[in-house]
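See structure below.
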Amino acid sequence: MSLTTSPGEPGTARTGLRARREGGPLRVVESELVDYAEAIAAMEAMVRDRQAGAVDDTLWVLSHPRTYTVGRRTPPEERPDPAHGIPVVEVRRGGKLTYHSPEQIVGYPVLKLADPRDVVGLLRDIEVLLVGVLGELGIAAERRDTPPGSPLLTGVWTAEGRKIVSLGMHISRGVSAHGFSMDVDADPAPWTWAVPCGMPDVEMTSVCRERERRGLAPVTQAEVRRLIVDAWRREA
């Protein structure tokens, strides 16, 4: 596993996502395809280092081989049929089932929070940041509030109601872990072999499928990754 590290640009005004952090610079670590279990072990080491003050706040951007991950509240009936041969991994983040693939961009923000209790505010600011990235890609998107008694609508949705970003976080001793995933051009079939995000009727989509619907050319994973990283450097 190789890591490429670059410092974030220093900001001035502390608003939005920047205000959620305790302060200091943001570094960006970029990797390519990393096995899920290996990535989680490395992420947890980053969390321990951040808790100890040994490293700055970090955004780790990478991709995973085909893997289902299930949060603590995922019931058996929402899990995939093992006959498909895709590994299923239990995780400590919030949320239910999600799916990873090499055609997807994953971001793990390891941040020391100014108010560790304000997890919802952190999620909302990440959603808003990624709505902006999708806007740069020509895709109208939105974050949603969850009505009482409904399945959690955490993540980012297209204006037509398809889900394009999944988001689940875990906070430990004031430091965030896990994060978001955005499909760039992934095969949609594995999403249909389970119940994504606890919502049996949800349609999962990708950047390239949404651009095609709008008559726009495909984009590469590298192009989308660069927009995400640039947005984090500006906003965080």
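Residues in the structure tokens are numbered from 1 in each chain, the chains being A, B, ... in the order shown, and ligands are numbered from 1 in the order shown.
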Exercise for the section: Determine, counting only C-alpha atoms, which protein, DNA and RNA residues have an atom within 9 Å of an atom of Val110 in chain A; residues of the same chain fewer than 2 positions away are not included. Present the result as a list in words. Expected result: Met43, Met46, Val47, Arg50, Asp56, Asp57, Thr58, Leu59, Trp60, Tyr108, Lys112, Val175, Ser176, Ala177, His178 and Gly179 of chain A
Write a file of the just-selected residues containing N, CA, C and O atoms, as a CSV table (one decimal), in the first residue's frame.
chain,number,residue,atom,x,y,z
A,43,MET,N,-6.4,3.1,8.8
A,43,MET,CA,-7.2,4.3,9.3
A,43,MET,C,-7.3,4.3,10.8
A,43,MET,O,-7.2,5.4,11.4
A,46,MET,N,-4.3,5.9,12.0
A,46,MET,CA,-4.3,7.3,11.9
A,46,MET,C,-5.2,8.0,13.0
A,46,MET,O,-4.8,9.0,13.5
A,47,VAL,N,-6.3,7.3,13.3
A,47,VAL,CA,-7.2,7.9,14.4
A,47,VAL,C,-6.4,7.9,15.7
A,47,VAL,O,-6.4,8.9,16.4
A,50,ARG,N,-4.0,10.7,15.6
A,50,ARG,CA,-4.6,12.0,15.7
A,50,ARG,C,-5.1,12.3,17.2
A,50,ARG,O,-5.0,13.4,17.7
A,56,ASP,N,-1.6,15.7,11.9
A,56,ASP,CA,-2.7,16.7,11.6
A,56,ASP,C,-3.9,16.0,11.2
A,56,ASP,O,-4.0,14.8,10.9
A,57,ASP,N,-5.0,16.7,11.2
A,57,ASP,CA,-6.3,16.2,10.6
A,57,ASP,C,-5.9,15.7,9.2
A,57,ASP,O,-5.1,16.3,8.4
A,58,THR,N,-6.6,14.7,8.8
A,58,THR,CA,-6.3,14.0,7.5
A,58,THR,C,-7.5,13.6,6.7
A,58,THR,O,-8.5,13.1,7.3
A,59,LEU,N,-7.5,13.8,5.4
A,59,LEU,CA,-8.4,13.2,4.5
A,59,LEU,C,-7.7,12.1,3.7
A,59,LEU,O,-6.7,12.4,3.0
A,60,TRP,N,-8.1,10.8,3.9
A,60,TRP,CA,-7.5,9.8,3.1
A,60,TRP,C,-8.4,9.4,2.0
A,60,TRP,O,-9.6,9.0,2.2
A,108,TYR,N,-11.9,8.9,3.8
A,108,TYR,CA,-11.9,8.8,5.2
A,108,TYR,C,-11.4,10.0,5.9
A,108,TYR,O,-10.2,10.3,5.9
A,112,LYS,N,-10.0,15.9,14.2
A,112,LYS,CA,-10.3,16.2,15.6
A,112,LYS,C,-11.4,17.3,15.7
A,112,LYS,O,-11.2,18.4,15.2
A,175,VAL,N,-12.3,12.1,17.7
A,175,VAL,CA,-11.8,12.0,16.4
A,175,VAL,C,-12.7,11.2,15.5
A,175,VAL,O,-13.1,10.1,15.9
A,176,SER,N,-12.9,11.7,14.2
A,176,SER,CA,-13.8,11.0,13.3
A,176,SER,C,-13.1,9.9,12.5
A,176,SER,O,-11.9,9.9,12.3
A,177,ALA,N,-13.9,8.9,12.1
A,177,ALA,CA,-13.3,7.8,11.3
A,177,ALA,C,-14.4,7.4,10.3
A,177,ALA,O,-15.6,7.8,10.4
A,178,HIS,N,-14.0,6.5,9.4
A,178,HIS,CA,-14.9,6.1,8.3
A,178,HIS,C,-15.2,7.3,7.5
A,178,HIS,O,-14.5,8.3,7.5
A,179,GLY,N,-16.3,7.3,6.6
A,179,GLY,CA,-16.5,8.5,5.8
A,179,GLY,C,-17.5,8.3,4.7
A,179,GLY,O,-18.6,7.8,4.9
Problem - DSSP helix (DSSP H, G or I) selection over range 11-150 of chain A, as a ChimeraX atom specification - result: /A:16-20,36-51,76-78,82-84,119-136
Problem - Gly23 in chain A environment, 10 Å, only C-alpha atoms, sequence neighbours closer than 3 positions dropped, as JSON, numbers by chain - result: {"A": [14, 18, 19, 20, 26, 56, 57, 111, 112, 113, 114, 236]}
Generate a file of the selected residues that holds all heavy atoms, formatted as an mmCIF file, in the first residue's frame.
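What landed in part20.cif:
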data_model
loop_
_atom_site.group_PDB
_atom_site.id
_atom_site.type_symbol
_atom_site.label_atom_id
_atom_site.label_comp_id
_atom_site.auth_asym_id
_atom_site.auth_seq_id
_atom_site.Cartn_x
_atom_site.Cartn_y
_atom_site.Cartn_z
ATOM 1 N N ARG A 14 -13.199 30.534 9.602
ATOM 2 C CA ARG A 14 -13.568 29.205 10.095
ATOM 3 C C ARG A 14 -15.077 29.078 10.050
ATOM 4 O O ARG A 14 -15.782 29.447 10.976
ATOM 5 C CB ARG A 14 -13.030 28.996 11.515
ATOM 6 C CG ARG A 14 -11.526 28.806 11.550
ATOM 7 C CD ARG A 14 -11.011 28.644 12.972
ATOM 8 N NE ARG A 14 -11.694 27.562 13.690
ATOM 9 C CZ ARG A 14 -11.432 26.272 13.540
ATOM 10 N NH1 ARG A 14 -10.511 25.885 12.687
ATOM 11 N NH2 ARG A 14 -12.077 25.358 14.232
ATOM 12 N N ARG A 18 -14.791 23.638 8.094
ATOM 13 C CA ARG A 18 -13.590 24.107 8.797
ATOM 14 C C ARG A 18 -13.887 24.407 10.261
ATOM 15 O O ARG A 18 -13.071 24.149 11.141
ATOM 16 C CB ARG A 18 -13.042 25.352 8.091
ATOM 17 C CG ARG A 18 -11.713 25.850 8.677
ATOM 18 C CD ARG A 18 -11.147 26.988 7.854
ATOM 19 N NE ARG A 18 -10.760 26.525 6.537
ATOM 20 C CZ ARG A 18 -11.124 27.101 5.405
ATOM 21 N NH1 ARG A 18 -11.913 28.151 5.419
ATOM 22 N NH2 ARG A 18 -10.718 26.626 4.251
ATOM 23 N N ALA A 19 -15.077 24.927 10.526
ATOM 24 C CA ALA A 19 -15.437 25.254 11.905
ATOM 25 C C ALA A 19 -15.706 24.005 12.739
ATOM 26 O O ALA A 19 -15.681 24.076 13.973
ATOM 27 C CB ALA A 19 -16.664 26.172 11.923
ATOM 28 N N ARG A 20 -15.983 22.873 12.110
ATOM 29 C CA ARG A 20 -16.204 21.629 12.876
ATOM 30 C C ARG A 20 -14.898 21.094 13.438
ATOM 31 O O ARG A 20 -14.905 20.345 14.406
ATOM 32 C CB ARG A 20 -16.801 20.543 11.969
ATOM 33 C CG ARG A 20 -18.085 20.921 11.293
ATOM 34 C CD ARG A 20 -19.260 20.951 12.220
ATOM 35 N NE ARG A 20 -20.428 21.433 11.501
ATOM 36 C CZ ARG A 20 -21.505 21.927 12.089
ATOM 37 N NH1 ARG A 20 -21.566 21.983 13.406
ATOM 38 N NH2 ARG A 20 -22.513 22.368 11.375
ATOM 39 N N LEU A 26 -4.904 20.760 7.319
ATOM 40 C CA LEU A 26 -5.481 19.495 6.855
ATOM 41 C C LEU A 26 -4.518 18.894 5.843
ATOM 42 O O LEU A 26 -4.164 19.541 4.863
ATOM 43 C CB LEU A 26 -6.842 19.716 6.188
ATOM 44 C CG LEU A 26 -7.444 18.465 5.531
ATOM 45 C CD1 LEU A 26 -8.084 17.573 6.586
ATOM 46 C CD2 LEU A 26 -8.466 18.839 4.459
ATOM 47 N N ASP A 56 -1.614 15.692 11.900
ATOM 48 C CA ASP A 56 -2.653 16.682 11.643
ATOM 49 C C ASP A 56 -3.949 15.978 11.223
ATOM 50 O O ASP A 56 -3.962 14.780 10.919
ATOM 51 C CB ASP A 56 -2.219 17.622 10.515
ATOM 52 C CG ASP A 56 -1.050 18.505 10.912
ATOM 53 O OD1 ASP A 56 -0.976 18.898 12.090
ATOM 54 O OD2 ASP A 56 -0.205 18.780 10.033
ATOM 55 N N ASP A 57 -5.040 16.739 11.183
ATOM 56 C CA ASP A 57 -6.264 16.236 10.561
ATOM 57 C C ASP A 57 -5.938 15.741 9.159
ATOM 58 O O ASP A 57 -5.118 16.332 8.448
ATOM 59 C CB ASP A 57 -7.307 17.352 10.469
ATOM 60 C CG ASP A 57 -8.010 17.613 11.793
ATOM 61 O OD1 ASP A 57 -7.820 16.834 12.743
ATOM 62 O OD2 ASP A 57 -8.760 18.602 11.865
ATOM 63 N N LEU A 111 -10.549 13.526 11.644
ATOM 64 C CA LEU A 111 -10.581 14.923 12.079
ATOM 65 C C LEU A 111 -10.771 15.016 13.590
ATOM 66 O O LEU A 111 -11.614 14.313 14.157
ATOM 67 C CB LEU A 111 -11.732 15.677 11.397
ATOM 68 C CG LEU A 111 -11.885 15.514 9.882
ATOM 69 C CD1 LEU A 111 -13.144 16.223 9.410
ATOM 70 C CD2 LEU A 111 -10.649 16.030 9.154
ATOM 71 N N LYS A 112 -10.026 15.898 14.236
ATOM 72 C CA LYS A 112 -10.256 16.217 15.646
ATOM 73 C C LYS A 112 -11.354 17.280 15.686
ATOM 74 O O LYS A 112 -11.191 18.391 15.172
ATOM 75 C CB LYS A 112 -8.967 16.754 16.287
ATOM 76 C CG LYS A 112 -9.057 16.985 17.786
ATOM 77 C CD LYS A 112 -9.050 15.674 18.545
ATOM 78 C CE LYS A 112 -8.981 15.886 20.059
ATOM 79 N NZ LYS A 112 -7.645 16.408 20.475
ATOM 80 N N LEU A 113 -12.501 16.944 16.278
ATOM 81 C CA LEU A 113 -13.668 17.811 16.214
ATOM 82 C C LEU A 113 -13.653 18.845 17.332
ATOM 83 O O LEU A 113 -13.298 18.539 18.476
ATOM 84 C CB LEU A 113 -14.946 16.974 16.306
ATOM 85 C CG LEU A 113 -15.113 15.888 15.235
ATOM 86 C CD1 LEU A 113 -16.451 15.189 15.403
ATOM 87 C CD2 LEU A 113 -14.971 16.473 13.839
ATOM 88 N N ALA A 114 -14.073 20.060 16.977
ATOM 89 C CA ALA A 114 -14.180 21.112 17.993
ATOM 90 C C ALA A 114 -15.248 20.756 19.013
ATOM 91 O O ALA A 114 -15.094 21.039 20.207
ATOM 92 C CB ALA A 114 -14.504 22.445 17.309
ATOM 93 N N ALA A 236 -12.133 22.732 4.091
ATOM 94 C CA ALA A 236 -11.775 22.194 5.401
ATOM 95 C C ALA A 236 -10.469 22.754 5.924
ATOM 96 O O ALA A 236 -10.104 22.523 7.057
ATOM 97 C CB ALA A 236 -11.694 20.667 5.335
#
Practice task
Determine, counting only C-alpha atoms, which protein, DNA and RNA residues have an atom within 6 Å of an atom of range 124-140 of chain A; residues of the same chain fewer than 6 positions away are not included. Present the result as an MDAnalysis selection string.
Solution key: chainID A and resid 17 158:159
Completion exercise
Between CA of Tyr68 in chain A and CA of Arg93 in chain A lies a distance of 13.3 Å
Problem - Residues flagged strand (DSSP E or B) by DSSP in range 168-201 of chain A, as a PyMOL selection string - result: chain A and resi 168-172+175-183
Counting only C-alpha atoms, which residues of range 100-129 of chain A sit at most 12 Å from some atom of range 199-207 of chain A, and what is each one's closest atom pair with its distance in Å to one decimal, listed by chain and rising residue number, as JSON lines?
{"residue": "A:Ser101", "atom": "CA", "partner": "A:Ser206", "partner_atom": "CA", "distance": 11.9}
{"residue": "A:Glu103", "atom": "CA", "partner": "A:Ser206", "partner_atom": "CA", "distance": 9.5}
{"residue": "A:Gln104", "atom": "CA", "partner": "A:Ser206", "partner_atom": "CA", "distance": 8.7}
{"residue": "A:Ile105", "atom": "CA", "partner": "A:Ser206", "partner_atom": "CA", "distance": 10.7}
Exercise for the section: Please provide the set of residues having any atom within 12 Å of Pro65 in chain A, restricted to only C-alpha atoms, with same-chain residues fewer than 4 positions apart removed, written as a ChimeraX atom specification. Expected result: /A:32-39,69,86-88,99-106,186
